[in-house]
>>> print(open('query.txt').read())   # compact mmCIF, C-alpha atoms
# COMPACT_ATOMS: atom_id res chain seq x y z
CA MET R 1 0.00 0.00 0.00
CA GLY R 2 1.41 3.34 -1.04
CA ARG R 3 1.20 6.85 0.26
CA VAL R 4 -2.01 8.76 -0.52
CA PHE R 5 -1.51 12.14 -2.18
CA VAL R 6 -4.58 14.35 -1.85
CA VAL R 7 -5.43 16.92 -4.52
CA GLU R 8 -6.44 20.30 -3.09
CA LEU R 9 -8.92 22.06 -5.39
CA ASP R 10 -8.82 25.84 -5.75
CA GLY R 11 -11.92 27.83 -4.86
CA ARG R 12 -15.30 26.44 -3.92
CA SER R 13 -15.56 22.65 -3.97
CA TYR R 14 -17.74 19.71 -3.05
CA ARG R 15 -16.17 17.65 -0.26
CA CYS R 16 -16.54 14.33 1.48
CA LYS R 17 -19.10 14.75 4.27
CA PHE R 18 -17.12 12.45 6.56
CA CYS R 19 -13.57 13.83 6.31
CA ARG R 20 -13.91 17.05 4.24
CA THR R 21 -11.56 15.87 1.47
CA HIS R 22 -12.01 17.76 -1.82
CA LEU R 23 -13.92 15.70 -4.41
CA ALA R 24 -15.21 17.95 -7.22
CA LEU R 25 -15.54 21.50 -8.51
CA PRO R 26 -18.85 23.26 -9.25
CA ASP R 27 -17.55 23.90 -12.80
CA ASP R 28 -17.57 20.12 -13.39
CA LEU R 29 -21.23 19.76 -12.33
CA VAL R 30 -23.31 18.41 -15.24
CA SER R 31 -26.63 17.76 -13.49
CA SER R 32 -28.10 18.06 -10.01
CA SER R 33 -31.20 16.02 -10.83
CA PHE R 34 -29.86 12.48 -10.40
CA HIS R 35 -31.21 10.01 -7.87
CA CYS R 36 -29.82 7.08 -5.92
CA ARG R 37 -31.13 4.64 -3.33
CA ARG R 38 -30.35 7.07 -0.52
CA GLY R 39 -31.71 10.23 -2.14
CA LYS R 40 -30.52 12.84 -4.60
CA ALA R 41 -27.18 12.86 -6.38
CA TYR R 42 -25.08 15.06 -8.67
CA LEU R 43 -23.45 14.12 -11.99
CA PHE R 44 -19.91 15.48 -12.52
CA ASN R 45 -17.50 15.44 -15.45
CA ASP R 46 -14.58 14.82 -13.11
CA ALA R 47 -13.82 13.87 -9.51
CA VAL R 48 -10.58 13.72 -7.51
CA ASN R 49 -9.34 11.97 -4.39
CA ILE R 50 -11.38 8.86 -5.06
CA THR R 51 -10.74 5.14 -5.29
CA VAL R 52 -12.58 3.28 -8.03
CA ARG R 53 -13.64 -0.29 -7.29
CA ALA R 54 -14.34 -3.18 -9.65
CA LEU R 55 -16.74 -2.80 -12.57
CA GLU R 56 -20.18 -4.38 -12.35
CA GLU R 57 -23.36 -4.48 -14.40
CA ARG R 58 -26.14 -2.62 -12.61
CA LEU R 59 -29.78 -2.15 -13.56
CA MET R 60 -30.69 1.44 -12.73
CA LEU R 61 -33.81 3.51 -13.24
CA SER R 62 -32.46 4.63 -16.63
CA GLY R 63 -31.51 1.11 -17.79
CA MET R 64 -28.54 -1.24 -17.65
CA HIS R 65 -25.10 0.31 -17.08
CA THR R 66 -21.56 -0.81 -16.33
CA VAL R 67 -20.53 1.12 -13.22
CA ALA R 68 -17.89 1.14 -10.51
CA ASP R 69 -18.49 2.35 -6.97
CA ILE R 70 -16.24 5.22 -5.88
CA PHE R 71 -14.87 5.83 -2.40
CA CYS R 72 -13.14 8.74 -0.69
CA CYS R 73 -9.40 8.01 -0.80
CA CYS R 74 -8.90 9.40 2.71
CA CYS R 75 -11.67 7.91 4.86
CA GLY R 76 -12.82 5.07 2.64
CA GLN R 77 -16.52 6.01 2.71
CA ILE R 78 -18.55 5.30 -0.43
CA VAL R 79 -19.42 8.61 -2.09
CA GLY R 80 -21.03 7.48 -5.35
CA TRP R 81 -20.22 5.66 -8.59
CA LYS R 82 -18.64 6.12 -12.00
CA TYR R 83 -20.42 5.29 -15.24
CA GLU R 84 -18.18 3.21 -17.49
CA ALA R 85 -20.70 2.13 -20.13
CA ALA R 86 -24.34 2.74 -21.00
CA TYR R 87 -26.25 0.36 -23.23
CA GLU R 88 -29.03 2.67 -24.35
CA LYS R 89 -28.17 5.36 -26.88
CA SER R 90 -29.95 8.05 -24.86
CA GLN R 91 -27.73 7.30 -21.84
CA LYS R 92 -24.31 7.43 -23.58
CA TYR R 93 -23.67 10.96 -22.26
CA LYS R 94 -23.09 9.45 -18.78
CA GLU R 95 -20.08 7.37 -19.83
CA GLY R 96 -16.90 8.38 -18.00
CA LYS R 97 -18.78 10.65 -15.61
CA PHE R 98 -19.06 10.50 -11.81
CA VAL R 99 -22.12 10.54 -9.58
CA LEU R 100 -21.66 11.88 -6.06
CA GLU R 101 -24.48 11.21 -3.62
CA ARG R 102 -25.81 14.41 -2.12
CA GLY R 103 -26.09 12.90 1.36
CA ARG R 104 -22.39 11.95 1.32
CA ILE R 105 -20.92 15.26 0.17
CA VAL R 106 -21.04 18.84 1.38
CA ASP R 107 -20.73 22.06 -0.51
CA GLU R 108 -17.96 24.18 0.95
CA ILE R 109 -20.38 27.13 1.18
CA ASP R 110 -23.08 25.11 3.01
CA CYS R 111 -20.72 24.01 5.76
CA ALA R 112 -17.98 26.61 5.85
CA SER R 113 -16.69 25.91 9.35
CA GLU R 114 -15.51 22.53 10.59
CA VAL R 115 -16.33 23.68 14.12
CA TYR R 116 -20.05 23.55 13.23
CA ILE R 117 -19.97 20.48 11.00
CA ASP R 118 -22.66 18.71 13.09
CA THR R 119 -25.11 21.57 12.48
CA CYS R 120 -25.04 21.16 8.71
CA PRO R 121 -28.23 19.70 7.24
CA SER R 122 -28.15 16.01 6.36
CA MET R 123 -28.91 16.88 2.72
CA SER R 124 -30.40 13.45 2.08
CA ASP R 125 -33.87 13.51 0.57
CA GLY R 126 -34.78 9.95 1.46
CA GLU R 127 -35.15 6.76 -0.54
CA ASP R 128 -35.90 7.23 -4.21
CA ALA R 129 -35.46 3.82 -5.80
>>> encode(input="query.txt", output="structure tokens")
Amino acid sequence: MGRVFVVELDGRSYRCKFCRTHLALPDDLVSSSFHCRRGKAYLFNDAVNITVRALEERLMLSGMHTVADIFCCCCGQIVGWKYEAAYEKSQKYKEGKFVLERGRIVDEIDCASEVYIDTCPSMSDGEDA
């Protein structure tokens, strides 16, 4: 096991809810209208400081996809998944993109101070699928 080098993003960023590690920039946000089992999620063009697990076929609300779960490289918490392949033509735009679950990330602006991290809203909107 090697040393973990964490990328620090400049400016506002989305971070891991559990350890505050930088994960994505607002400029990479493609859509905020995605859903997961635990609530809402965001689709990003890019994500950093993540570990990608093994690929698997998964039937989702939008059809069959090849995906890989993604985890925070610092604390190991699952934060979402990466789309590797989509089988329906209308879903091809997702390939190579990252989904971060809203209940597992925080926006730097929403929770600006680590002293008050417990007062930040949960941001999970409940079960969707």
>>> atom_distance(input="query.txt", atom1="atom CA of Ile50 of chain R", atom2="atom CA of Ala86 of chain R")
21.4 Å
>>> residues_around(input="query.txt", residues="Asp46 of chain R", least_positions_apart="6", cutoff="10 Å", atoms="all atoms listed in the file", output="PDB file with C-alpha atoms, in the coordinates of the input")
ATOM      1  CA  LEU R  23     -13.920  15.700  -4.410  1.00  0.00           C
ATOM      2  CA  ALA R  24     -15.210  17.950  -7.220  1.00  0.00           C
ATOM      3  CA  LEU R  25     -15.540  21.500  -8.510  1.00  0.00           C
ATOM      4  CA  ASP R  27     -17.550  23.900 -12.800  1.00  0.00           C
ATOM      5  CA  ASP R  28     -17.570  20.120 -13.390  1.00  0.00           C
ATOM      6  CA  LEU R  29     -21.230  19.760 -12.330  1.00  0.00           C
ATOM      7  CA  VAL R  30     -23.310  18.410 -15.240  1.00  0.00           C
ATOM      8  CA  LYS R  82     -18.640   6.120 -12.000  1.00  0.00           C
ATOM      9  CA  GLY R  96     -16.900   8.380 -18.000  1.00  0.00           C
ATOM     10  CA  LYS R  97     -18.780  10.650 -15.610  1.00  0.00           C
ATOM     11  CA  PHE R  98     -19.060  10.500 -11.810  1.00  0.00           C
ATOM     12  CA  VAL R  99     -22.120  10.540  -9.580  1.00  0.00           C
TER      13      VAL R  99
END
>>> closest_residue(input="query.txt", among="R:Ser33, R:Leu61, R:Val48, R:Lys40", to="Leu9 of chain R", atoms="only C-alpha atoms")
R:Val48
>>> atom_distance(input="query.txt", atom1="atom CA of Cys19 of chain R", atom2="atom CA of Cys72 of chain R")
8.7 Å
>>> closest_residue(input="query.txt", among="R:Ser32, R:Asn49, R:Thr66, R:Thr21", to="Gln91 of chain R", atoms="all atoms listed in the file")
R:Thr66
>>> closest_residue(input="query.txt", among="R:Arg53, R:Arg58, R:Arg102, R:His22", to="Ile70 of chain R", atoms="only C-alpha atoms")
R:Arg53
>>> atom_distance(input="query.txt", atom1="atom CA of Ile105 of chain R", atom2="atom CA of Val79 of chain R")
7.2 Å
>>> closest_residue(input="query.txt", among="R:Gly103, R:Gly63, R:Pro26, R:Gly39", to="Lys89 of chain R", atoms="only C-alpha atoms")
R:Gly63
>>> closest_residue(input="query.txt", among="R:Tyr42, R:Ala47, R:Cys16, R:Asp107", to="Ile78 of chain R", atoms="only C-alpha atoms")
R:Cys16
>>> closest_residue(input="query.txt", among="R:Cys73, R:Lys92, R:Ala68, R:Trp81", to="Arg15 of chain R", atoms="only C-alpha atoms")
R:Cys73
>>> decode(input="query.txt", residues="segment 81-106 of chain R", atoms="N, CA, C and O atoms", output="short mmCIF file (atom, residue, chain, number, x, y, z; two decimals), in the first residue's frame")
data_model
loop_
_atom_site.label_atom_id
_atom_site.label_comp_id
_atom_site.auth_asym_id
_atom_site.auth_seq_id
_atom_site.Cartn_x
_atom_site.Cartn_y
_atom_site.Cartn_z
N TRP R 81 -20.65 6.64 -7.59
CA TRP R 81 -20.22 5.66 -8.59
C TRP R 81 -19.79 6.36 -9.86
O TRP R 81 -20.07 7.54 -10.07
N LYS R 82 -19.09 5.63 -10.70
CA LYS R 82 -18.64 6.12 -12.00
C LYS R 82 -19.31 5.29 -13.08
O LYS R 82 -19.35 4.07 -12.99
N TYR R 83 -19.84 5.97 -14.09
CA TYR R 83 -20.42 5.29 -15.24
C TYR R 83 -19.30 4.93 -16.21
O TYR R 83 -18.57 5.80 -16.68
N GLU R 84 -19.16 3.66 -16.50
CA GLU R 84 -18.18 3.21 -17.49
C GLU R 84 -18.82 2.99 -18.85
O GLU R 84 -18.23 3.32 -19.87
N ALA R 85 -20.02 2.39 -18.87
CA ALA R 85 -20.70 2.13 -20.13
C ALA R 85 -22.21 2.21 -19.94
O ALA R 85 -22.72 1.84 -18.89
N ALA R 86 -22.88 2.72 -20.96
CA ALA R 86 -24.34 2.74 -21.00
C ALA R 86 -24.77 1.98 -22.24
O ALA R 86 -24.14 2.10 -23.29
N TYR R 87 -25.83 1.20 -22.11
CA TYR R 87 -26.25 0.36 -23.23
C TYR R 87 -27.31 1.00 -24.09
O TYR R 87 -27.46 0.63 -25.25
N GLU R 88 -28.03 1.97 -23.56
CA GLU R 88 -29.03 2.67 -24.35
C GLU R 88 -28.42 3.94 -24.92
O GLU R 88 -27.69 4.65 -24.24
N LYS R 89 -28.74 4.21 -26.18
CA LYS R 89 -28.17 5.36 -26.88
C LYS R 89 -28.42 6.68 -26.14
O LYS R 89 -27.54 7.52 -26.05
N SER R 90 -29.61 6.81 -25.56
CA SER R 90 -29.95 8.05 -24.86
C SER R 90 -29.16 8.26 -23.57
O SER R 90 -29.15 9.35 -23.01
N GLN R 91 -28.48 7.22 -23.09
CA GLN R 91 -27.73 7.30 -21.84
C GLN R 91 -26.22 7.41 -22.03
O GLN R 91 -25.47 7.49 -21.07
N LYS R 92 -25.75 7.42 -23.27
CA LYS R 92 -24.31 7.43 -23.58
C LYS R 92 -23.59 8.65 -22.99
O LYS R 92 -22.40 8.59 -22.73
N TYR R 93 -24.31 9.75 -22.80
CA TYR R 93 -23.67 10.96 -22.26
C TYR R 93 -23.10 10.75 -20.86
O TYR R 93 -22.24 11.50 -20.41
N LYS R 94 -23.55 9.72 -20.14
CA LYS R 94 -23.09 9.45 -18.78
C LYS R 94 -21.72 8.76 -18.74
O LYS R 94 -21.05 8.79 -17.70
N GLU R 95 -21.31 8.15 -19.83
CA GLU R 95 -20.08 7.37 -19.83
C GLU R 95 -18.87 8.21 -19.43
O GLU R 95 -18.68 9.32 -19.93
N GLY R 96 -18.09 7.69 -18.49
CA GLY R 96 -16.90 8.38 -18.00
C GLY R 96 -17.18 9.44 -16.95
O GLY R 96 -16.25 10.08 -16.45
N LYS R 97 -18.43 9.63 -16.59
CA LYS R 97 -18.78 10.65 -15.61
C LYS R 97 -18.97 10.04 -14.22
O LYS R 97 -19.08 8.83 -14.07
N PHE R 98 -19.01 10.91 -13.22
CA PHE R 98 -19.06 10.50 -11.81
C PHE R 98 -20.34 10.99 -11.16
O PHE R 98 -20.75 12.13 -11.37
N VAL R 99 -20.95 10.15 -10.36
CA VAL R 99 -22.12 10.54 -9.58
C VAL R 99 -21.70 10.58 -8.11
O VAL R 99 -21.17 9.61 -7.58
N LEU R 100 -21.91 11.73 -7.49
CA LEU R 100 -21.66 11.88 -6.06
C LEU R 100 -23.00 12.02 -5.36
O LEU R 100 -23.82 12.86 -5.73
N GLU R 101 -23.22 11.19 -4.35
CA GLU R 101 -24.48 11.21 -3.62
C GLU R 101 -24.56 12.44 -2.73
O GLU R 101 -23.64 12.72 -1.96
N ARG R 102 -25.65 13.15 -2.84
CA ARG R 102 -25.81 14.41 -2.12
C ARG R 102 -25.70 14.24 -0.60
O ARG R 102 -25.16 15.11 0.09
N GLY R 103 -26.16 13.14 -0.07
CA GLY R 103 -26.09 12.90 1.36
C GLY R 103 -24.70 12.53 1.85
O GLY R 103 -24.47 12.41 3.05
N ARG R 104 -23.75 12.36 0.94
CA ARG R 104 -22.39 11.95 1.32
C ARG R 104 -21.35 13.02 0.98
O ARG R 104 -20.16 12.81 1.18
N ILE R 105 -21.83 14.15 0.47
CA ILE R 105 -20.92 15.26 0.17
C ILE R 105 -21.49 16.54 0.78
O ILE R 105 -22.67 16.61 1.10
N VAL R 106 -20.63 17.52 0.94
CA VAL R 106 -21.04 18.84 1.38
C VAL R 106 -20.45 19.86 0.44
O VAL R 106 -19.37 19.68 -0.11
#
